[in-house]
Each structure stands twice: as C-alpha cells, then as structure tokens.
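J.: So I've got this file, model.txt, and it contains compact mmCIF, C-alpha atoms:
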# COMPACT_ATOMS: atom_id res chain seq x y z
CA MET A 1448 -29.85 -36.40 3.46
CA ASN A 1449 -27.76 -33.87 5.35
CA LEU A 1450 -28.27 -33.90 9.13
CA ALA A 1451 -26.71 -31.16 11.24
CA LEU A 1452 -27.01 -30.49 14.97
CA GLU A 1453 -27.08 -26.84 15.96
CA ARG A 1454 -26.67 -25.75 19.57
CA ALA A 1455 -28.09 -22.33 20.37
CA PHE A 1456 -30.18 -20.32 22.80
CA LYS A 1457 -33.29 -18.92 21.11
CA ILE A 1458 -36.53 -17.42 22.35
CA LYS A 1459 -39.97 -18.33 21.04
CA GLN A 1460 -42.30 -15.36 21.38
CA GLN A 1461 -46.04 -15.10 20.88
CA MET A 1462 -48.44 -12.18 21.16
CA SER A 1463 -52.08 -11.58 20.27
CA PHE A 1464 -54.72 -8.90 20.70
CA GLY A 1465 -58.46 -9.30 20.53
CA ILE A 1466 -61.85 -7.92 21.40
CA SER A 1467 -65.20 -9.66 21.16
CA PHE A 1468 -68.87 -8.75 21.30
CA ASN A 1469 -71.84 -10.97 22.06
CA THR A 1470 -75.52 -10.60 22.81
CA ALA A 1471 -78.68 -12.68 23.05
CA LEU A 1472 -81.95 -12.39 21.12
CA TYR A 1473 -85.10 -14.01 22.47
CA GLY A 1474 -88.16 -15.15 20.54
CA ASN A 1475 -91.25 -16.54 22.26
CA TYR A 1476 -94.36 -18.13 20.73
CA GLN A 1477 -97.37 -18.76 22.93
CA PHE A 1478 -99.78 -21.66 22.38
CA LYS A 1479 -103.44 -21.78 23.34
CA GLY A 1480 -103.45 -25.53 24.00
CA GLU A 1481 -103.59 -27.07 27.43
CA LYS A 1482 -100.42 -29.22 27.22
CA ILE A 1483 -97.92 -27.06 25.30
CA LYS A 1484 -97.74 -23.53 26.67
CA ALA A 1485 -94.88 -21.88 24.78
CA ILE A 1486 -91.70 -22.34 22.71
CA ARG A 1487 -88.72 -20.06 23.20
CA HIS A 1488 -85.86 -19.60 20.70
CA VAL A 1489 -82.64 -17.99 21.90
CA ILE A 1490 -80.06 -16.71 19.39
CA ARG A 1491 -76.59 -15.78 20.64
CA PRO A 1492 -74.46 -14.13 17.92
CA THR A 1493 -70.78 -13.44 18.56
CA PHE A 1494 -68.36 -11.18 16.71
CA GLY A 1495 -64.72 -10.48 17.41
CA LEU A 1496 -61.62 -8.72 16.12
CA SER A 1497 -58.14 -10.15 16.62
CA TYR A 1498 -54.54 -9.62 15.56
CA THR A 1499 -51.60 -11.98 15.98
CA PRO A 1500 -48.15 -10.86 14.71
CA ASP A 1501 -45.58 -13.38 13.49
CA LEU A 1502 -42.68 -12.92 15.94
CA THR A 1503 -40.85 -16.13 14.97
CA ARG A 1504 -40.88 -15.87 11.17
CA GLN A 1505 -37.16 -16.64 10.91
CA PHE A 1506 -37.64 -20.06 12.52
CA TRP A 1507 -40.31 -21.32 10.13
CA LYS A 1508 -39.14 -23.63 7.34
CA THR A 1509 -40.91 -24.98 4.29
CA VAL A 1510 -40.58 -28.63 3.25
CA GLN A 1511 -42.11 -30.87 0.62
CA ILE A 1512 -44.14 -33.69 2.19
CA ASP A 1513 -45.16 -35.87 -0.79
CA SER A 1514 -44.48 -36.60 -4.46
CA LEU A 1515 -47.22 -34.20 -5.53
CA GLY A 1516 -45.12 -31.27 -4.44
CA THR A 1517 -47.36 -30.39 -1.48
CA GLN A 1518 -45.60 -27.91 0.76
CA ALA A 1519 -45.84 -27.72 4.55
CA VAL A 1520 -44.21 -25.48 7.13
CA TYR A 1521 -42.87 -26.30 10.59
CA ASN A 1522 -41.24 -24.39 13.42
CA GLN A 1523 -37.63 -25.25 14.21
CA LEU A 1524 -38.04 -24.21 17.84
CA ASP A 1525 -40.60 -26.97 18.45
CA GLY A 1526 -37.96 -29.64 17.92
CA LEU A 1527 -39.27 -33.19 18.07
CA PHE A 1528 -42.75 -31.87 18.90
CA SER A 1529 -42.97 -29.82 15.71
CA ARG A 1530 -46.03 -30.47 13.57
CA ASN A 1531 -46.58 -29.12 10.09
CA ILE A 1532 -49.55 -26.75 10.05
CA ASN A 1533 -52.46 -27.24 7.66
CA GLN A 1534 -53.14 -25.12 4.63
CA PHE A 1535 -55.79 -23.01 6.40
CA THR A 1536 -53.47 -21.84 9.18
CA SER A 1537 -51.67 -18.52 8.93
CA ARG A 1538 -48.82 -17.63 11.30
CA ARG A 1539 -49.71 -13.93 11.01
CA SER A 1540 -53.37 -13.12 11.29
CA GLY A 1541 -55.59 -10.11 11.59
CA GLY A 1542 -59.29 -10.29 10.99
CA ILE A 1543 -62.68 -11.17 12.34
CA ASN A 1544 -64.25 -14.21 13.92
CA PHE A 1545 -67.96 -14.84 13.98
CA GLY A 1546 -70.49 -17.37 15.17
CA ILE A 1547 -74.14 -17.98 15.99
CA ASP A 1548 -75.45 -20.29 18.71
CA ASN A 1549 -79.10 -21.27 19.10
CA ASN A 1550 -81.25 -23.25 21.49
CA LEU A 1551 -84.92 -24.18 21.71
CA GLU A 1552 -86.98 -24.69 24.86
CA MET A 1553 -90.60 -25.64 25.38
CA LYS A 1554 -92.90 -25.10 28.34
CA VAL A 1555 -95.51 -27.76 29.01
CA LYS A 1556 -98.01 -28.43 31.75
CA ALA A 1557 -96.51 -30.69 34.41
CA LYS A 1558 -98.29 -33.88 35.36
CA PRO A 1559 -99.75 -33.88 38.89
CA LYS A 1560 -97.95 -36.13 41.34
CA LYS A 1561 -100.03 -38.93 42.77
CA LYS A 1562 -99.68 -39.19 46.53
CA LYS A 1563 -99.38 -42.62 48.03
CA GLU A 1564 -101.94 -43.86 50.49
CA GLY A 1565 -101.12 -42.76 54.01
CA GLU A 1566 -98.52 -40.20 52.80
CA GLU A 1567 -98.40 -37.21 55.11
CA ASP A 1568 -97.46 -33.64 54.40
CA ASP A 1569 -93.77 -33.11 55.17
CA GLY A 1570 -94.10 -29.37 55.55
CA THR A 1571 -92.60 -28.41 52.16
CA ASP A 1572 -94.20 -25.92 49.81
CA ALA A 1573 -97.08 -27.80 48.21
CA THR A 1574 -97.01 -25.61 45.11
CA LEU A 1575 -93.48 -26.70 44.29
CA ASP A 1576 -93.82 -30.35 45.24
CA THR A 1577 -97.03 -31.57 43.58
CA TYR A 1578 -95.68 -32.27 40.09
CA ALA A 1579 -94.01 -35.48 38.99
CA ASN A 1580 -90.58 -35.62 37.31
CA THR A 1581 -90.15 -31.87 37.69
CA SER A 1582 -87.49 -29.97 39.61
CA LYS A 1583 -88.58 -27.33 42.11
CA GLU A 1584 -87.14 -24.59 39.91
CA ASP A 1585 -89.33 -25.67 36.96
CA ALA A 1586 -92.50 -26.49 38.89
CA GLU A 1587 -93.77 -22.96 39.41
CA ASP A 1588 -97.44 -22.64 38.47
CA GLY A 1589 -97.42 -26.23 37.25
CA ILE A 1590 -95.14 -25.51 34.26
CA LYS A 1591 -92.23 -27.72 33.24
CA LYS A 1592 -89.38 -26.59 30.98
CA ILE A 1593 -88.15 -29.03 28.34
CA LYS A 1594 -85.03 -28.43 26.27
CA LEU A 1595 -85.75 -29.41 22.68
CA ILE A 1596 -82.31 -28.49 21.33
CA ASP A 1597 -79.45 -27.66 23.69
CA GLY A 1598 -77.45 -25.94 20.98
CA PHE A 1599 -76.91 -25.67 17.25
CA GLY A 1600 -74.95 -23.19 15.20
CA PHE A 1601 -71.72 -22.45 13.38
CA ASN A 1602 -68.53 -20.42 13.69
CA GLY A 1603 -65.62 -19.34 11.53
CA SER A 1604 -63.15 -16.54 10.86
CA TYR A 1605 -61.78 -14.33 8.08
CA ASN A 1606 -58.09 -13.40 7.98
CA PHE A 1607 -57.46 -10.17 6.05
CA LEU A 1608 -53.66 -10.64 6.23
CA ALA A 1609 -53.53 -14.11 4.62
CA ASP A 1610 -52.13 -14.45 1.10
CA SER A 1611 -54.96 -16.80 0.11
CA MET A 1612 -57.76 -18.84 1.69
CA ARG A 1613 -58.72 -15.97 3.96
CA LEU A 1614 -62.06 -17.52 4.90
CA SER A 1615 -61.58 -20.39 7.35
CA PRO A 1616 -63.50 -23.68 7.19
CA ILE A 1617 -66.91 -23.35 8.83
CA SER A 1618 -67.52 -25.51 11.90
CA MET A 1619 -71.12 -26.58 12.49
CA TYR A 1620 -72.55 -28.38 15.51
CA PHE A 1621 -75.77 -29.72 17.00
CA ARG A 1622 -76.51 -31.22 20.42
CA THR A 1623 -79.63 -32.31 22.24
CA ASN A 1624 -80.89 -34.68 24.91
CA LEU A 1625 -83.86 -36.96 24.22
CA PHE A 1626 -86.10 -37.93 27.14
CA GLU A 1627 -83.33 -36.73 29.49
CA LYS A 1628 -81.54 -40.01 28.79
CA ILE A 1629 -80.08 -40.05 25.26
CA ASN A 1630 -77.38 -37.51 24.43
CA ILE A 1631 -76.99 -36.71 20.74
CA ASN A 1632 -74.06 -34.70 19.38
CA ALA A 1633 -73.30 -33.90 15.76
CA SER A 1634 -70.56 -31.82 14.16
CA ALA A 1635 -69.23 -31.13 10.67
CA THR A 1636 -66.62 -29.02 8.90
CA LEU A 1637 -67.48 -27.23 5.67
CA VAL A 1638 -64.59 -26.13 3.40
CA PRO A 1639 -65.78 -23.14 1.32
CA TYR A 1640 -63.28 -23.76 -1.50
CA GLN A 1641 -63.11 -25.92 -4.57
CA LEU A 1642 -61.09 -29.12 -4.16
CA ASN A 1643 -58.63 -30.47 -6.72
CA ASP A 1644 -58.52 -34.07 -7.98
CA TYR A 1645 -56.39 -35.13 -5.02
CA GLY A 1646 -58.76 -33.73 -2.40
CA TYR A 1647 -56.77 -30.59 -1.48
CA ALA A 1648 -58.46 -27.19 -1.25
CA THR A 1649 -57.64 -24.58 -3.88
CA SER A 1650 -57.80 -20.81 -3.53
CA THR A 1651 -61.02 -20.62 -5.57
CA TYR A 1652 -64.27 -20.30 -3.66
CA ALA A 1653 -66.78 -23.11 -4.13
CA TRP A 1654 -69.44 -20.74 -5.49
CA ALA A 1655 -67.14 -18.94 -7.95
CA ASN A 1656 -68.39 -20.90 -10.99
CA GLY A 1657 -72.06 -20.79 -10.03
CA GLY A 1658 -74.23 -23.80 -9.33
CA GLY A 1659 -75.19 -22.74 -5.82
CA LYS A 1660 -72.56 -24.86 -4.07
CA ILE A 1661 -71.30 -23.31 -0.84
CA GLY A 1662 -68.56 -25.81 -0.03
CA THR A 1663 -67.62 -29.41 0.70
CA VAL A 1664 -68.09 -31.27 3.96
CA THR A 1665 -64.67 -32.78 4.68
CA ASN A 1666 -65.53 -34.43 7.99
CA ALA A 1667 -68.60 -35.08 10.08
CA ASN A 1668 -69.50 -36.99 13.21
CA VAL A 1669 -72.70 -38.12 14.91
CA SER A 1670 -72.61 -39.71 18.36
CA MET A 1671 -75.27 -40.99 20.74
CA SER A 1672 -74.81 -42.06 24.32
CA THR A 1673 -76.96 -43.17 27.23
CA SER A 1674 -76.47 -44.55 30.71
CA PHE A 1675 -78.53 -46.27 33.37
CA GLN A 1676 -77.76 -46.90 36.98
CA SER A 1677 -79.45 -47.99 40.14
CA LYS A 1678 -80.23 -45.67 43.01
CA PRO A 1679 -77.38 -45.30 45.50
CA LYS A 1680 -77.63 -47.32 48.68
CA ASP A 1681 -76.78 -44.23 50.73
CA PRO A 1682 -78.04 -40.98 49.03
CA GLU A 1683 -76.15 -38.74 51.44
CA LYS A 1684 -72.90 -40.56 50.74
CA ALA A 1685 -73.52 -40.19 47.00
CA LYS A 1686 -73.99 -36.42 47.38
CA VAL A 1687 -70.74 -36.14 49.35
CA ARG A 1688 -68.86 -38.12 46.69
CA GLU A 1689 -70.29 -36.03 43.84
CA LYS A 1690 -69.44 -32.82 45.68
CA ALA A 1691 -65.86 -33.98 46.26
CA ILE A 1692 -65.43 -34.86 42.57
CA ASN A 1693 -66.83 -31.50 41.42
CA GLU A 1694 -64.63 -29.59 43.85
CA ARG A 1695 -61.57 -31.42 42.61
CA LEU A 1696 -62.39 -30.83 38.94
CA ASN A 1697 -63.19 -27.15 39.57
CA ASP A 1698 -60.19 -26.50 41.80
CA PRO A 1699 -58.21 -23.64 40.15
CA MET A 1700 -54.99 -25.14 41.52
CA LEU A 1701 -55.63 -28.31 39.48
CA MET A 1702 -56.77 -26.71 36.23
CA ASP A 1703 -53.67 -27.91 34.38
CA GLU A 1704 -54.18 -31.48 35.59
CA GLN A 1705 -57.91 -31.83 34.96
CA GLN A 1706 -57.52 -33.40 31.53
CA ARG A 1707 -54.86 -35.78 32.84
CA LEU A 1708 -57.07 -36.77 35.78
CA LEU A 1709 -60.07 -37.40 33.52
CA GLU A 1710 -57.99 -39.43 31.09
CA TYR A 1711 -56.48 -41.48 33.90
CA ALA A 1712 -59.95 -42.20 35.34
CA ARG A 1713 -61.18 -43.25 31.89
CA GLN A 1714 -58.26 -45.62 31.36
CA ASN A 1715 -58.37 -47.02 34.91
CA PRO A 1716 -62.06 -47.29 35.83
CA ALA A 1717 -61.38 -50.12 38.27
CA GLU A 1718 -59.57 -47.69 40.57
CA PHE A 1719 -62.61 -45.39 40.77
CA VAL A 1720 -65.39 -47.85 41.52
CA ASP A 1721 -68.41 -46.48 43.37
CA PHE A 1722 -69.45 -49.29 45.73
CA ASN A 1723 -72.43 -47.18 46.78
CA THR A 1724 -74.08 -47.78 43.36
CA PRO A 1725 -75.12 -51.46 42.98
CA TRP A 1726 -75.04 -51.43 39.16
CA SER A 1727 -74.55 -49.14 36.17
CA VAL A 1728 -74.56 -49.56 32.38
CA SER A 1729 -73.59 -47.10 29.65
CA LEU A 1730 -73.55 -47.30 25.84
CA SER A 1731 -72.30 -44.94 23.16
CA TYR A 1732 -72.38 -45.11 19.37
CA SER A 1733 -70.34 -43.02 16.94
CA LEU A 1734 -70.64 -42.59 13.16
CA SER A 1735 -67.85 -40.60 11.47
CA TYR A 1736 -67.06 -39.41 7.99
CA ALA A 1737 -63.67 -38.07 6.92
CA ARG A 1738 -62.68 -37.17 3.38
CA ARG A 1739 -59.42 -39.03 2.79
CA GLY A 1740 -56.55 -38.39 0.42
CA ARG A 1741 -56.98 -39.94 -3.02
CA ASN A 1742 -54.87 -42.48 -4.87
CA LEU A 1743 -52.77 -40.83 -7.59
CA ASN A 1744 -53.78 -43.41 -10.23
CA THR A 1745 -57.45 -44.11 -9.46
CA LEU A 1746 -58.28 -40.73 -7.85
CA ARG A 1747 -60.30 -42.63 -5.26
CA SER A 1748 -60.04 -42.56 -1.48
CA THR A 1749 -57.38 -44.92 -0.19
CA THR A 1750 -59.49 -45.91 2.84
CA ASN A 1751 -63.15 -46.10 3.73
CA PRO A 1752 -64.26 -42.54 4.62
CA VAL A 1753 -67.09 -43.79 6.86
CA THR A 1754 -66.39 -45.49 10.20
CA SER A 1755 -68.69 -46.48 13.04
CA SER A 1756 -68.14 -47.96 16.46
CA VAL A 1757 -69.86 -48.65 19.76
CA ASN A 1758 -68.45 -48.40 23.27
CA PHE A 1759 -69.99 -50.25 26.17
CA ASN A 1760 -69.25 -50.62 29.85
CA GLY A 1761 -71.03 -52.01 32.84
CA SER A 1762 -70.43 -52.41 36.54
CA PHE A 1763 -72.24 -54.29 39.28
CA ASN A 1764 -71.56 -55.29 42.86
CA LEU A 1765 -71.09 -58.99 43.54
CA THR A 1766 -71.23 -58.29 47.26
CA PRO A 1767 -71.14 -55.04 49.28
CA LYS A 1768 -67.32 -55.19 49.11
CA TRP A 1769 -66.70 -56.77 45.68
CA ASN A 1770 -67.38 -55.17 42.29
CA PHE A 1771 -67.09 -56.57 38.76
CA SER A 1772 -66.91 -54.35 35.67
CA VAL A 1773 -66.41 -54.75 31.91
CA ASN A 1774 -65.85 -52.31 29.07
CA GLY A 1775 -65.14 -52.69 25.39
CA TYR A 1776 -64.99 -51.12 21.96
CA TYR A 1777 -66.49 -52.70 18.83
CA ASP A 1778 -65.55 -51.43 15.36
CA PHE A 1779 -68.26 -51.99 12.74
CA THR A 1780 -65.82 -51.17 9.92
CA THR A 1781 -63.60 -54.16 10.72
CA SER A 1782 -66.41 -56.17 12.38
CA GLN A 1783 -64.13 -56.88 15.32
CA ILE A 1784 -63.91 -56.15 19.03
CA GLN A 1785 -60.90 -53.86 19.19
CA THR A 1786 -60.61 -53.72 22.97
CA PHE A 1787 -62.23 -55.58 25.83
CA SER A 1788 -61.26 -55.51 29.47
CA MET A 1789 -62.56 -56.94 32.73
CA ALA A 1790 -61.88 -55.76 36.25
CA ILE A 1791 -62.68 -56.91 39.75
CA SER A 1792 -62.33 -54.57 42.71
CA ARG A 1793 -62.35 -54.99 46.46
CA ASP A 1794 -63.23 -52.31 49.01
CA LEU A 1795 -60.54 -52.37 51.74
CA HIS A 1796 -62.05 -49.57 53.85
CA CYS A 1797 -59.51 -46.75 53.37
CA TRP A 1798 -57.85 -48.61 50.51
CA GLN A 1799 -59.05 -50.29 47.32
CA MET A 1800 -57.69 -53.27 45.41
CA SER A 1801 -58.30 -53.81 41.70
CA ILE A 1802 -57.32 -56.48 39.16
CA ASN A 1803 -57.69 -55.50 35.52
CA VAL A 1804 -57.29 -57.86 32.55
CA THR A 1805 -57.42 -57.01 28.84
CA PRO A 1806 -57.37 -60.30 26.87
CA ILE A 1807 -58.44 -58.90 23.46
CA GLY A 1808 -56.90 -56.27 21.23
CA LEU A 1809 -53.56 -55.15 19.89
CA TYR A 1810 -52.34 -54.19 23.36
CA ARG A 1811 -53.09 -56.75 26.07
CA PHE A 1812 -52.16 -56.38 29.69
CA PHE A 1813 -52.66 -57.53 33.25
CA ASN A 1814 -52.71 -55.00 36.08
CA PHE A 1815 -52.85 -55.35 39.87
CA THR A 1816 -53.24 -52.21 41.99
CA ILE A 1817 -53.74 -51.35 45.65
CA SER A 1818 -54.33 -47.64 46.19
CA PRO A 1819 -55.74 -45.34 48.90
CA LYS A 1820 -59.17 -43.80 48.37
CA ALA A 1821 -58.09 -40.33 49.45
CA SER A 1822 -57.48 -38.16 46.39
CA LEU A 1823 -54.45 -36.52 48.00
CA LEU A 1824 -52.75 -39.92 48.31
CA GLN A 1825 -53.45 -41.25 44.81
CA ASP A 1826 -49.73 -41.50 44.02
CA LEU A 1827 -49.17 -43.68 47.10
CA LYS A 1828 -50.06 -47.06 45.59
CA ILE A 1829 -48.75 -50.53 44.80
CA ASN A 1830 -48.91 -51.32 41.10
CA ARG A 1831 -47.88 -54.34 39.08
CA THR A 1832 -48.40 -54.42 35.30
CA ARG A 1833 -47.57 -56.82 32.51
CA SER A 1834 -48.29 -55.79 28.92
CA PHE A 1835 -48.11 -57.63 25.59
CA VAL A 1836 -48.28 -56.44 22.00
CA THR A 1837 -49.92 -58.88 19.59
CA ASN A 1838 -49.29 -59.25 15.87
CA PRO A 1839 -52.17 -57.55 13.98
CA ASN A 1840 -51.75 -60.04 11.14
Give the structure from this file in structure tokens form.
T.:
Amino acid sequence: MNLALERAFKIKQQMSFGISFNTALYGNYQFKGEKIKAIRHVIRPTFGLSYTPDLTRQFWKTVQIDSLGTQAVYNQLDGLFSRNINQFTSRRSGGINFGIDNNLEMKVKAKPKKKKEGEEDDGTDATLDTYANTSKEDAEDGIKKIKLIDGFGFNGSYNFLADSMRLSPISMYFRTNLFEKININASATLVPYQLNDYGYATSTYAWANGGGKIGTVTNANVSMSTSFQSKPKDPEKAKVREKAINERLNDPMLMDEQQRLLEYARQNPAEFVDFNTPWSVSLSYSLSYARRGRNLNTLRSTTNPVTSSVNFNGSFNLTPKWNFSVNGYYDFTTSQIQTFSMAISRDLHCWQMSINVTPIGLYRFFNFTISPKASLLQDLKINRTRSFVTNPN
C-alpha cells in the first residue's frame, strides 16, 4: 500500500438548476346516511426538471471495495469524511423528478355534548361549542372532519445523462393516525432492476424478461407509536412552555441547530423534565426489513434481514419538585434489552438538577447535571459524567 500526503489548495464547486410544478386534484363522494356525510380524496402530483453539472470530475477516484470486483467512487476533497456513493447516484445529472401524494378525509356527524347539571352558558357561540371531542374549526353545522389517511404515495426520478440505471429506486410511503392516538408510518424502496446472485442491481429492468415483475423491495419499515399523559396542573403555564418551544424550533436564526437541539433533548430527557405534567408514558414499535449482501458460497443473506424493536419511556412526579423517569430499548431479534436508563430530577426554581444512570447496554454511564432552565443559558451548567464500555461477549 502506497500512502502519500499531498498539500494543496483546491476548490470544491457545486451548481444545480431546477424548476418544479405541482397541483392538487380533489374528489368528493357524498353519502346519504346520517353518520357518514362525505369522503374526500386529494391527489397532489408533482413534476420537476433539474440539471446538475459535474464541476469536480477531476477529484473523483474509483476504487475496488471487495473481492467481487465491485467498484465505488469517492471524492478526494472530502478527506476523512468521504463516503463512496451508491450505484444509483450520478455526479452529473439532468432529468425529471416525479411524485404523487394522496390523503383521505371523512366528514361525520359530531356527537352532541352533554351539559353537566348546573352548567351555565359562558357566552361563547353555542353553535361551535355543543359538540364533544371536536375543535371549533371542525364543529360548524355539527360536522366533524376525520383524517383516514394522512398521506400515501411515491416519488422517484429519471436521469437522462446517466450511463446506465437512469431510473432511480422508487420510494413509497404511508402514514396515518388511528383514533388520534396511534401514529402509523410505513415506507419502502423498490428497485426497478434485476438483481444478480449477490444482491446487486444490474442495468436490466425487472420487467425486461416478462412475468409482470416491476422490481424488488430492498428495504421496508413499519413503525407505530403512541403516548399518554395527564392533564397539566397549570394549563396556562403549559401553553407558555409549548409556545416557547415552538418559537425556539421555528427561529430562523437557529435553523442550523434545530437537529442538534432535538438530538440533545432526546439523549438527555432528564434535563428537559416538565414538572407541570404529573405523568406521561410513550411507546413505539418498529419492524424493519433490509435486503442484505449474500455469502459468496451459500448465496444467502449473511444476517437476518428482518429486525424489530420497541422503545418505551415514562415519567412521573414523586413530589411537586421531584421527578422520576425511565426509558429503554428492547431488541426482539436478540431478545435483549439493549439500553435502559433511569433519571431523577429536582426542580431548583430557576435551575434544575438531574441524575442519570444507564446500568444496561454496551455503553454504561453515570451523569450528574445542574443547569439553568432558561434556554439562552443552557451552556452554563455543571456536568459530571463517568462512562464505561462493556465487553459484548
């Protein structure tokens, strides 16, 4: 192996042009029944043209990545962060992108709200406030809108300038919310080419030899999640907190840090405890399929292509100033709890103290933090952490 260090000043340039078109088509079917009034179907097709020139062609290098002779390319200017691109990616592209999104809604008759004995009129519009479990916007004329399917559709692209594999893999998705409590999301990727014995796509379309096959699903995922929580002790305080969070996430000055802030909050839930909510519980389940590379001798997948897991977390107040929370991750494939952590937090008025312990998993740690509640002073905190890496065997 010949290693050489080259010092130079080079410029990485990138340019692209594009134009897109979209519209919406509405379909409505009226029912004569008393409960179901109508179903509406909305179709939103999109179509676009784009062109991306290859301005750094001299910095791309081709390397062999396995004993099969599989070739991959990488950009020298990316240095240690360089990643070989997959076989469907073209550095120079010019073509079309397309997609269709759908959703289904249903209008039903809202149930009348039963007034409690002795309840007096508060002066609000009676027409908009006499239906149970219905927002004011949906309560007009006693009709409630229910979303049957939030979205389902597909998207892809076709690159006229590619040497082969001009049609990209097709991404499909589906999402809905059952009973306004259970979120369901599904996605899949369809490769419209024939695959060789090792699982790699060839340049021949899947339908070229007949048989009606349109492609192979190489990965798919189905996830379900739900959450329950008690009513806040102080509704006005809860509204102020929610408004502050939304303003921070939607602040254009913090757009680049939004993902980092969300990831930090997910990894450090004990530092973002809401003492105004006495208890909360959330569960999520995920089932995934990924077509793996095959063994050269047996031509079988080297690992199980199907994995499933469940995430759980809960939080409840021991006292008005003390909160205890747990969260974990259970892998059904290995039948083991991969991670489990416990945290106890103390409300110190303008400050908050948290102790977090993770006794199970590959990475175990103990963390003690005292931090201010004000978002502008989040970096002003006292932190003490001890971590341990266990032997997986």
J.: Which residues are close to Thr1636 (chain A), i.e. within 12 Å by only C-alpha atoms, leaving aside same-chain residues fewer than 6 positions away? Reply as a list in words.
T.: Gly1600, Phe1601, Asn1602, Gly1603, Ser1615, Pro1616, Ile1617, Ser1618, Met1619, Tyr1620, Gly1662, Thr1663, Val1664, Thr1665, Asn1666, Ala1667, Asn1668, Ser1735, Tyr1736, Ala1737 and Arg1738 of chain A
J.: Would you list the contacts of Tyr1605 (chain A) as JSON, numbers by chain, taking every protein, DNA or RNA residue within 10 Å and counting all atoms listed in the file, but skipping same-chain residues closer than 2 positions in sequence?
T.: {"A": [1496, 1540, 1541, 1542, 1543, 1544, 1545, 1603, 1607, 1608, 1609, 1612, 1613, 1614, 1615, 1616]}
J.: Leaving out Tyr1732 (chain A) and any residue of its chain fewer than 4 positions from it, which residues lie within 12 Å of it when counting only C-alpha atoms, given as a list in words?
T.: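 The filter keeps Ile1629, Asn1630, Ile1631, Asn1632, Ala1633, Asn1668, Val1669, Ser1670, Met1671, Ser1672, Thr1673, Thr1754, Ser1755, Ser1756, Val1757, Asn1758, Phe1759, Tyr1776, Tyr1777, Asp1778 and Phe1779 of chain A.
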J.: I'd like the interatomic distance between CA of Gly1465 (chain A) and CA of Tyr1498 (chain A), to a tenth of an Å.
T.: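 For CA of Gly1465 (chain A) relative to CA of Tyr1498 (chain A), the distance reads 6.3 Å.
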J.: Suppose you want the space between CA of Ser1729 (chain A) and CA of Ile1784 (chain A); what is it in Å?
T.: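 Going from CA of Ser1729 (chain A) over to CA of Ile1784 (chain A), I get 17.0 Å.
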J.: Between A:Ser1634, A:Asn1803, A:Thr1766, A:Thr1470, which has the minimum distance to Phe1722 (chain A) (counting only C-alpha atoms)?
T.: A:Thr1766
J.: Would you compute the distance between CA of Trp1726 (chain A) and CA of Gln1785 (chain A)? Give it in Å to one decimal.
T.: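 Value for the CA of Trp1726 (chain A)-CA of Gln1785 (chain A) distance: 24.6 Å.
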J.: For Pro1725 (chain A), work out the shell of residues within 10 Å, counting all atoms listed in the file and skipping chain neighbours fewer than 4 positions away, then give it as a list of chain:residue names.
T.: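 Once the adjacent positions are removed, what remains is A:Gln1676, A:Ser1677, A:Lys1678, A:Pro1679, A:Lys1680, A:Asp1721, A:Ser1762, A:Phe1763, A:Asn1764, A:Leu1765, A:Thr1766, A:Pro1767, A:Asn1770.
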J.: Would you save the residues of that selection, restricted to C-alpha atoms, as a CSV table (one decimal), in the frame of the given file?
T.:
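Wrote again22.csv, looks like this:
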chain,number,residue,atom,x,y,z
A,1676,GLN,CA,-77.8,-46.9,37.0
A,1677,SER,CA,-79.4,-48.0,40.1
A,1678,LYS,CA,-80.2,-45.7,43.0
A,1679,PRO,CA,-77.4,-45.3,45.5
A,1680,LYS,CA,-77.6,-47.3,48.7
A,1721,ASP,CA,-68.4,-46.5,43.4
A,1762,SER,CA,-70.4,-52.4,36.5
A,1763,PHE,CA,-72.2,-54.3,39.3
A,1764,ASN,CA,-71.6,-55.3,42.9
A,1765,LEU,CA,-71.1,-59.0,43.5
A,1766,THR,CA,-71.2,-58.3,47.3
A,1767,PRO,CA,-71.1,-55.0,49.3
A,1770,ASN,CA,-67.4,-55.2,42.3
J.: May I have the residues within 9 Å of Val1489 (chain A) as a list in words, using all atoms listed in the file and disregarding those fewer than 3 positions away in the same chain?
T.: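 What passes the distance filter is Ala1471, Leu1472, Tyr1473, Gly1474, Asn1475, Asp1548, Asn1549, Asn1550, Leu1551 and Glu1552 of chain A.
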J.: Pick the closest to Gly1761 (chain A) from A:Ser1674, A:Asp1681, A:Leu1795, A:Ser1650: which is it, counting all atoms listed in the file?
T.: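 Among the listed residues, the smallest separation from Gly1761 (chain A) belongs to A:Ser1674.
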J.: Which is closest to Lys1592 (chain A) among A:Trp1654, A:Ile1483, A:Asp1501, A:Leu1642, if we use all atoms listed in the file?
T.: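 Under the stated criterion, the closest residue is A:Ile1483.
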